[in-house]
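Novice: Sharing structure28.csv (CSV, C-alpha atoms (C1' of nucleotides)) below.
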chain,number,residue,atom,x,y,z
N,1,MET,CA,6.7,-25.5,-0.4
N,2,SER,CA,6.6,-23.4,2.7
N,3,SER,CA,4.8,-20.1,2.5
N,4,ARG,CA,6.3,-19.2,5.8
N,5,ARG,CA,9.8,-19.6,4.4
N,6,PHE,CA,8.6,-17.6,1.4
N,7,ILE,CA,7.1,-14.7,3.4
N,8,CYS,CA,9.9,-14.6,6.0
N,9,ARG,CA,12.6,-14.7,3.4
N,10,ALA,CA,10.9,-11.8,1.8
N,11,MET,CA,10.7,-10.0,5.2
N,12,THR,CA,14.2,-10.7,6.4
N,13,LYS,CA,16.7,-12.2,4.1
N,14,THR,CA,16.5,-10.6,0.7
N,15,LYS,CA,17.4,-7.2,-0.4
N,16,PRO,CA,14.4,-5.0,0.3
N,17,ARG,CA,12.5,-5.5,-2.9
N,18,PRO,CA,8.9,-4.3,-3.1
N,19,LEU,CA,7.1,-7.0,-1.0
N,20,SER,CA,4.1,-8.6,-2.5
N,21,ALA,CA,1.1,-6.5,-1.7
N,22,ALA,CA,-0.9,-9.7,-1.0
N,23,ALA,CA,1.7,-10.9,1.6
N,24,LEU,CA,1.8,-7.5,3.2
N,25,ALA,CA,-2.0,-7.4,3.4
N,26,LEU,CA,-2.1,-10.8,5.0
N,27,VAL,CA,0.4,-9.8,7.7
N,28,ALA,CA,-1.2,-6.4,8.3
N,29,ARG,CA,-4.6,-8.1,8.6
N,30,ARG,CA,-3.2,-10.5,11.2
N,31,PHE,CA,-2.0,-7.6,13.3
N,32,ALA,CA,-5.2,-5.6,12.8
N,33,VAL,CA,-7.2,-8.5,14.2
N,34,LEU,CA,-5.2,-8.1,17.4
N,35,ALA,CA,-5.5,-4.4,17.5
N,36,GLU,CA,-8.8,-4.1,19.3
N,37,PRO,CA,-9.1,-3.9,23.1
N,38,MET,CA,-12.3,-6.0,23.1
N,39,ARG,CA,-10.8,-8.7,21.0
N,40,LEU,CA,-7.8,-8.8,23.3
N,41,ARG,CA,-10.2,-9.0,26.2
N,42,LEU,CA,-11.8,-12.0,24.6
N,43,ILE,CA,-8.5,-13.7,23.8
N,44,HIS,CA,-7.4,-13.1,27.4
N,45,ALA,CA,-10.6,-14.6,28.7
N,46,LEU,CA,-9.9,-17.7,26.6
N,47,PHE,CA,-6.4,-18.2,27.9
N,48,ASP,CA,-7.5,-20.8,30.4
N,49,GLY,CA,-9.7,-22.8,28.0
N,50,GLU,CA,-12.8,-22.7,25.8
N,51,LYS,CA,-15.9,-20.8,26.9
N,52,ASN,CA,-19.3,-20.2,25.4
N,53,VAL,CA,-20.6,-16.9,24.2
N,54,ASN,CA,-22.6,-16.1,27.3
N,55,ALA,CA,-19.6,-16.6,29.5
N,56,LEU,CA,-17.6,-14.3,27.4
N,57,VAL,CA,-20.3,-11.7,27.5
N,58,ARG,CA,-20.2,-11.8,31.2
N,59,LEU,CA,-16.4,-11.9,31.5
N,60,THR,CA,-15.8,-9.0,29.2
N,61,GLY,CA,-18.8,-6.8,30.1
N,62,GLY,CA,-19.7,-6.3,26.4
N,63,THR,CA,-23.1,-6.6,24.8
N,64,GLN,CA,-24.0,-9.9,23.2
N,65,ALA,CA,-24.1,-8.5,19.7
N,66,ASN,CA,-20.7,-6.9,20.0
N,67,VAL,CA,-19.0,-9.9,21.5
N,68,SER,CA,-20.5,-12.1,18.8
N,69,ARG,CA,-19.2,-9.8,16.1
N,70,HIS,CA,-15.7,-9.8,17.5
N,71,LEU,CA,-15.8,-13.6,17.9
N,72,GLN,CA,-16.6,-13.9,14.2
N,73,THR,CA,-13.6,-11.7,13.4
N,74,LEU,CA,-11.3,-13.8,15.5
N,75,LEU,CA,-12.8,-17.0,14.1
N,76,GLN,CA,-12.4,-15.9,10.5
N,77,ALA,CA,-8.8,-14.9,11.1
N,78,GLY,CA,-8.1,-18.3,12.4
N,79,VAL,CA,-7.2,-17.1,15.9
N,80,LEU,CA,-10.2,-18.9,17.5
N,81,ALA,CA,-11.9,-22.2,16.9
N,82,ARG,CA,-15.7,-22.8,17.2
N,83,ARG,CA,-17.5,-25.8,18.6
N,84,LYS,CA,-21.3,-26.0,18.7
N,85,GLU,CA,-23.0,-28.0,21.4
N,86,GLY,CA,-26.7,-27.8,21.4
N,87,LEU,CA,-27.8,-24.3,21.9
N,88,GLN,CA,-24.4,-23.1,22.9
N,89,VAL,CA,-21.3,-22.2,20.9
N,90,PHE,CA,-17.9,-22.6,22.5
N,91,TYR,CA,-14.9,-20.7,21.4
N,92,ALA,CA,-11.3,-21.5,22.1
N,93,ILE,CA,-7.8,-20.3,21.0
N,94,ALA,CA,-6.9,-22.1,17.9
N,95,ASP,CA,-3.6,-20.4,17.1
N,96,PRO,CA,-1.0,-21.1,19.9
N,97,SER,CA,1.3,-18.4,18.5
N,98,ILE,CA,-1.0,-16.0,20.2
N,99,PHE,CA,0.6,-16.7,23.5
N,100,GLN,CA,4.0,-15.9,22.3
N,101,LEU,CA,2.8,-12.9,20.5
N,102,CYS,CA,1.4,-11.5,23.7
N,103,GLU,CA,4.6,-12.3,25.5
N,104,LEU,CA,6.6,-10.5,22.9
N,105,VAL,CA,4.5,-7.4,22.8
N,106,CYS,CA,4.3,-7.2,26.6
N,107,GLY,CA,8.0,-7.6,26.9
N,108,SER,CA,8.7,-5.0,24.4
N,109,LEU,CA,6.2,-2.6,26.0
N,110,GLU,CA,7.8,-3.2,29.4
N,111,LYS,CA,11.3,-2.3,28.2
N,112,GLN,CA,9.9,0.8,26.6
N,113,LEU,CA,7.9,1.9,29.6
N,114,VAL,CA,10.8,1.2,32.0
N,115,GLN,CA,13.1,3.2,29.8
N,116,GLU,CA,10.7,6.1,29.5
N,117,ALA,CA,10.2,6.1,33.3
N,118,GLY,CA,14.0,6.1,33.6
N,119,VAL,CA,14.1,9.5,32.1
N,120,PHE,CA,13.2,10.8,35.6
N,121,ASP,CA,15.8,8.8,37.4
N,122,ARG,CA,19.1,10.2,38.5
U,123,MET,CA,8.8,-3.1,39.5
U,124,SER,CA,8.3,-4.8,36.1
U,125,SER,CA,5.3,-3.6,34.1
U,126,ARG,CA,6.0,-6.5,31.8
U,127,ARG,CA,5.5,-9.0,34.6
U,128,PHE,CA,2.4,-7.0,35.5
U,129,ILE,CA,0.8,-7.0,32.1
U,130,CYS,CA,1.8,-10.5,31.3
U,131,ARG,CA,0.6,-11.9,34.5
U,132,ALA,CA,-2.7,-10.2,33.8
U,133,MET,CA,-2.7,-11.7,30.3
U,134,THR,CA,-1.7,-15.2,31.2
U,135,LYS,CA,-1.5,-16.2,34.8
U,136,THR,CA,-4.5,-14.8,36.7
U,137,LYS,CA,-8.1,-15.6,36.6
U,138,PRO,CA,-9.6,-13.6,33.7
U,139,ARG,CA,-10.4,-10.5,35.6
U,140,PRO,CA,-11.3,-7.4,33.6
U,141,LEU,CA,-8.0,-6.3,32.3
U,142,SER,CA,-7.0,-2.7,32.9
U,143,ALA,CA,-8.4,-0.7,30.0
U,144,ALA,CA,-5.1,1.2,29.9
U,145,ALA,CA,-3.0,-1.9,29.5
U,146,LEU,CA,-5.4,-3.2,26.8
U,147,ALA,CA,-5.1,0.1,24.9
U,148,LEU,CA,-1.4,-0.1,25.0
U,149,VAL,CA,-1.2,-3.6,23.6
U,150,ALA,CA,-3.9,-2.9,21.0
U,151,ARG,CA,-2.0,0.3,20.0
U,152,ARG,CA,1.2,-1.7,19.5
U,153,PHE,CA,-0.6,-4.1,17.2
U,154,ALA,CA,-2.4,-1.3,15.4
U,155,VAL,CA,0.9,0.3,14.5
U,156,LEU,CA,2.0,-2.9,12.7
U,157,ALA,CA,-1.4,-3.3,11.0
U,158,GLU,CA,-0.7,-1.1,8.0
U,159,PRO,CA,0.9,-2.4,4.8
U,160,MET,CA,2.9,0.8,4.2
U,161,ARG,CA,4.4,0.7,7.7
U,162,LEU,CA,5.3,-3.0,7.2
U,163,ARG,CA,7.0,-2.0,4.0
U,164,LEU,CA,9.0,0.6,5.8
U,165,ILE,CA,10.0,-1.8,8.6
U,166,HIS,CA,10.9,-4.3,6.0
U,167,ALA,CA,13.1,-1.7,4.2
U,168,LEU,CA,14.9,-1.0,7.4
U,169,PHE,CA,15.7,-4.7,8.2
U,170,ASP,CA,19.2,-4.3,6.9
U,171,GLY,CA,20.0,-1.0,8.6
U,172,GLU,CA,19.1,2.6,8.9
U,173,LYS,CA,18.1,4.7,5.9
U,174,ASN,CA,17.1,8.3,5.3
U,175,VAL,CA,13.6,9.4,4.3
U,176,ASN,CA,14.4,9.8,0.6
U,177,ALA,CA,15.7,6.3,0.3
U,178,LEU,CA,12.6,5.0,2.0
U,179,VAL,CA,10.4,6.9,-0.4
U,180,ARG,CA,12.2,5.3,-3.3
U,181,LEU,CA,12.2,1.8,-1.8
U,182,THR,CA,8.6,1.8,-0.9
U,183,GLY,CA,7.2,3.7,-3.9
U,184,GLY,CA,5.1,6.0,-1.6
U,185,THR,CA,4.9,9.7,-1.6
U,186,GLN,CA,7.2,11.8,0.6
U,187,ALA,CA,4.3,13.1,2.7
U,188,ASN,CA,2.8,9.7,3.3
U,189,VAL,CA,6.1,8.0,4.1
U,190,SER,CA,7.0,10.8,6.5
U,191,ARG,CA,3.6,10.4,8.2
U,192,HIS,CA,4.0,6.7,8.7
U,193,LEU,CA,7.6,7.2,10.0
U,194,GLN,CA,6.3,9.5,12.6
U,195,THR,CA,3.8,6.9,13.7
U,196,LEU,CA,6.4,4.2,14.0
U,197,LEU,CA,8.7,6.6,15.8
U,198,GLN,CA,6.2,7.6,18.3
U,199,ALA,CA,5.3,4.0,19.0
U,200,GLY,CA,9.0,3.3,19.7
U,201,VAL,CA,9.4,0.9,16.8
U,202,LEU,CA,11.9,3.2,15.0
U,203,ALA,CA,14.6,5.5,16.1
U,204,ARG,CA,15.5,8.8,14.5
U,205,ARG,CA,18.9,10.4,13.8
U,206,LYS,CA,19.3,13.7,12.2
U,207,GLU,CA,22.4,14.5,10.2
U,208,GLY,CA,22.5,17.8,8.4
U,209,LEU,CA,19.5,18.0,6.0
U,210,GLN,CA,18.8,14.3,6.2
U,211,VAL,CA,17.0,12.2,8.8
U,212,PHE,CA,17.8,8.6,9.2
U,213,TYR,CA,15.4,6.1,10.6
U,214,ALA,CA,16.3,2.6,12.0
U,215,ILE,CA,14.6,-0.2,13.8
U,216,ALA,CA,14.7,0.5,17.5
U,217,ASP,CA,12.7,-2.3,18.9
U,218,PRO,CA,14.4,-5.7,18.1
U,219,SER,CA,11.3,-7.6,19.1
U,220,ILE,CA,9.9,-6.6,15.7
U,221,PHE,CA,12.0,-9.3,14.1
U,222,GLN,CA,10.6,-12.0,16.3
U,223,LEU,CA,7.1,-10.6,15.8
U,224,CYS,CA,7.4,-10.9,12.1
U,225,GLU,CA,8.8,-14.4,12.4
U,226,LEU,CA,5.9,-15.5,14.7
U,227,VAL,CA,3.2,-14.0,12.5
U,228,CYS,CA,4.7,-15.4,9.3
U,229,GLY,CA,5.0,-18.8,10.9
U,230,SER,CA,1.5,-18.7,12.1
U,231,LEU,CA,0.2,-17.6,8.7
U,232,GLU,CA,2.1,-20.3,7.0
U,233,LYS,CA,0.6,-23.1,9.1
U,234,GLN,CA,-2.8,-21.6,8.4
U,235,LEU,CA,-2.4,-21.3,4.7
U,236,VAL,CA,-0.8,-24.8,4.4
U,237,GLN,CA,-3.7,-26.2,6.4
U,238,GLU,CA,-6.3,-24.4,4.3
U,239,ALA,CA,-4.6,-25.6,1.2
U,240,GLY,CA,-4.7,-29.2,2.6
U,241,VAL,CA,-8.5,-29.1,2.5
U,242,PHE,CA,-8.2,-30.1,-1.2
U,243,ASP,CA,-5.7,-32.9,-0.6
U,244,ARG,CA,-6.7,-36.5,-0.4
J,245,DT,C1',-46.7,-26.5,17.4
J,246,DT,C1',-45.6,-22.9,20.8
J,247,DG,C1',-42.5,-20.7,23.7
J,248,DA,C1',-38.0,-20.0,25.5
J,249,DT,C1',-33.0,-19.5,25.1
J,250,DA,C1',-28.4,-18.9,22.8
J,251,DT,C1',-26.1,-17.0,19.1
J,252,DA,C1',-25.6,-14.4,14.7
J,253,DT,C1',-26.4,-10.6,11.6
J,254,DG,C1',-28.5,-6.5,8.7
J,255,DA,C1',-28.7,-1.5,8.9
J,256,DG,C1',-27.4,2.9,10.5
J,257,DC,C1',-24.5,6.1,12.9
J,258,DA,C1',-20.2,7.7,14.8
J,259,DT,C1',-15.3,7.8,14.8
J,260,DA,C1',-10.6,6.8,13.4
J,261,DT,C1',-7.2,6.9,10.2
J,262,DA,C1',-4.9,6.7,5.5
J,263,DA,C1',-3.8,9.3,1.4
J,264,DT,C1',-3.2,13.7,-0.9
J,265,DC,C1',-2.2,18.6,-1.7
J,266,DA,C1',-0.2,22.5,-0.4
J,267,DT,C1',2.8,24.6,2.6
J,268,DA,C1',5.9,25.1,6.6
J,269,DT,C1',10.3,24.3,8.7
J,270,DA,C1',15.2,23.4,9.0
J,271,DG,C1',19.7,23.1,7.1
J,272,DT,C1',23.0,24.0,3.2
J,273,DT,C1',25.2,26.6,-0.4
J,274,DG,C1',26.4,30.6,-3.1
R,275,DC,C1',20.7,37.5,2.2
R,276,DA,C1',18.4,34.3,-1.6
R,277,DA,C1',17.9,29.9,-3.6
R,278,DC,C1',17.8,25.1,-3.0
R,279,DT,C1',17.1,20.5,-0.7
R,280,DA,C1',15.2,17.3,2.7
R,281,DT,C1',11.7,16.5,5.9
R,282,DA,C1',7.4,17.5,8.5
R,283,DT,C1',2.7,18.9,9.0
R,284,DG,C1',-2.1,21.4,8.6
R,285,DA,C1',-6.4,20.6,6.2
R,286,DT,C1',-9.4,17.9,3.5
R,287,DT,C1',-11.5,13.9,1.7
R,288,DA,C1',-12.4,9.0,1.4
R,289,DT,C1',-12.7,4.7,3.5
R,290,DA,C1',-12.8,1.3,7.1
R,291,DT,C1',-14.5,-0.3,11.3
R,292,DG,C1',-16.7,-0.4,16.0
R,293,DC,C1',-21.0,-0.1,18.4
R,294,DT,C1',-25.9,-0.4,18.9
R,295,DC,C1',-30.7,-1.7,18.0
R,296,DA,C1',-33.7,-4.7,16.2
R,297,DT,C1',-34.4,-9.0,14.3
R,298,DA,C1',-33.2,-13.5,12.3
R,299,DT,C1',-31.8,-18.3,13.0
R,300,DA,C1',-31.2,-22.5,15.5
R,301,DT,C1',-32.0,-25.7,19.2
R,302,DC,C1',-34.4,-27.4,22.9
R,303,DA,C1',-38.5,-28.3,26.0
R,304,DA,C1',-43.3,-28.8,27.0
Could you write out this file's structure as structure tokens?
Specialist:
Amino acid sequence: MSSRRFICRAMTKTKPRPLSAAALALVARRFAVLAEPMRLRLIHALFDGEKNVNALVRLTGGTQANVSRHLQTLLQAGVLARRKEGLQVFYAIADPSIFQLCELVCGSLEKQLVQEAGVFDR
Amino acid sequence: MSSRRFICRAMTKTKPRPLSAAALALVARRFAVLAEPMRLRLIHALFDGEKNVNALVRLTGGTQANVSRHLQTLLQAGVLARRKEGLQVFYAIADPSIFQLCELVCGSLEKQLVQEAGVFDR
DNA sequence: TTGATATATGAGCATATAATCATATAGTTG
DNA sequence: CAACTATATGATTATATGCTCATATATCAA
């Protein structure tokens, strides 16, 4: 069976019955993972392909410890994949829906900002 | 000019330069707003049209104070719209991208869960 | 083995935010 | 006006989470 169909029917198709707390927690968690600027920075840095931790530290300007922590969070959430090669560890985007998510959110933000800016037009 | 194009180009098209902290904060904030189970419950309850606060309190099983707080958060983020009619206040989904966001996240979660479950298949 | 490098993690502190209680505000009715 | 209803909000507490420092682990090279 398809858990997507299950969750999505629960989200969109049925009468608003109390949604399973577990399903809600899963969805909320997915959003929470994307709700940190440093994690967005890391995702952004990986848009053009896998990189090792040191490269990500340089690109994001964060400390090694902090970058490593956020990478674990993204890894555990299934957003990133991990590949070890000798001393180095390479991370890459594992969930392609991330790209569309960013598109959607950016598009929605644009509309909102343009509309808010329009308050001052005449 | 289009801030969407601006943000999205920054997210996807250019070399991973340090992204504007302001842009990152905006995107992160948008995700954070969707990262609470009770807010997801409220959004879910509004999928089939606007409802007043009392109805939302009943549907979600939350307290009046807590529901009201979360509604303010969603309102301020531009996710919901507010319409006052006499004593009652009606909330509705203002940002249609919410529907697609939920679809995307649910779809991505499904793939992940199915894949994890598959670990035990042979 | 020793030393060097890359990455991960335990512990502590600081901050953000969710839930709750009590109360405030606004609109309606008598 | 007073009483009532619907919604919002100040203040407090509890919890979660981000950041930092120091240190641990793993791999490689000499």
Novice: Find the nearest atom pair between each residue of chain U and chain R for residues within 9 Å, count only C-alpha atoms (C1' of nucleotides), give distances in Å to one decimal, sort rows by chain and ascending number, and present the table as a Markdown table.
Specialist:
| residue | atom | partner | partner_atom | distance |
| --- | --- | --- | --- | --- |
| U:Val175 | CA | R:DT281 | C1' | 7.5 |
| U:Asn176 | CA | R:DA280 | C1' | 7.8 |
| U:Gln186 | CA | R:DT281 | C1' | 8.4 |
| U:Ala187 | CA | R:DA282 | C1' | 7.9 |
| U:Ser190 | CA | R:DA282 | C1' | 7.0 |
| U:Arg191 | CA | R:DA282 | C1' | 8.1 |
| U:Leu209 | CA | R:DA280 | C1' | 5.5 |
| U:Gln210 | CA | R:DA280 | C1' | 5.8 |
| U:Val211 | CA | R:DT281 | C1' | 7.4 |
Novice: Which residues of chain J come within 8 Å of chain N, and what is each one's closest atom pair and distance in Å (one decimal), counting only C-alpha atoms (C1' of nucleotides), sorted by chain and residue number, as a tab-separated table?
Specialist:
residue	atom	partner	partner_atom	distance
J:DT249	C1'	N:Leu87	CA	7.8
J:DA250	C1'	N:Leu87	CA	5.5
J:DT251	C1'	N:Val89	CA	7.3
J:DA252	C1'	N:Ser68	CA	6.9
Novice: To one decimal place in Å, what is the distance between atom CA of N:Arg41 and atom CA of N:Val67?
Specialist: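 Going from atom CA of N:Arg41 over to atom CA of N:Val67 covers 10.0 Å.
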Novice: Using all atoms listed in the file, find the one residue out of U:Glu232, U:Pro218, U:Arg161, U:Glu238 that sits nearest to chain N.
Specialist: U:Glu232
Novice: Tell me, in Å to one decimal, how far atom CA of N:Tyr91 is from atom CA of N:Leu46.
Specialist: 7.8 Å
Novice: In Å to one decimal, how far is atom CA of U:Gly229 from atom CA of U:Val179?
Specialist: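 Atom CA of U:Gly229 lies at a distance of 28.6 Å from atom CA of U:Val179.
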Novice: Residues within 12 Å of U:Val149, please, as a PyMOL selection string. Count only C-alpha atoms (C1' of nucleotides); anything in the same chain fewer than 6 positions from it doesn't count.
Specialist: (chain N and resi 31-32+34-41+44+101-110) or (chain U and resi 126+129-130+133+141-143+155-156+199)
Novice: Determine the nearest neighbour of chain U from the options N:Leu75, N:Asp121, N:Lys84, N:Val114, counting all atoms listed in the file.
Specialist: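 Distance minimum relative to chain U lands on N:Val114.
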Novice: For each of N:His70, N:Lys51, N:Arg83, N:Lys111, take the minimum atom-to-atom distance to chain U, counting only C-alpha atoms, then give the residue where this is smallest.
Specialist: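 The shortest atom-to-atom distance to chain U comes from N:Lys111.
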Novice: For chain U, which residue among N:Val79, N:Ala22, N:Ala45, N:Ala92 is the nearest when counting all atoms listed in the file?
Specialist: N:Ala45
Novice: Which is closest to chain N among U:Leu193, U:Gln234, U:Leu202, U:Gly184, if we use all atoms listed in the file?
Specialist: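 Once distances to chain N are computed over all atoms listed in the file, the minimum belongs to U:Gln234.
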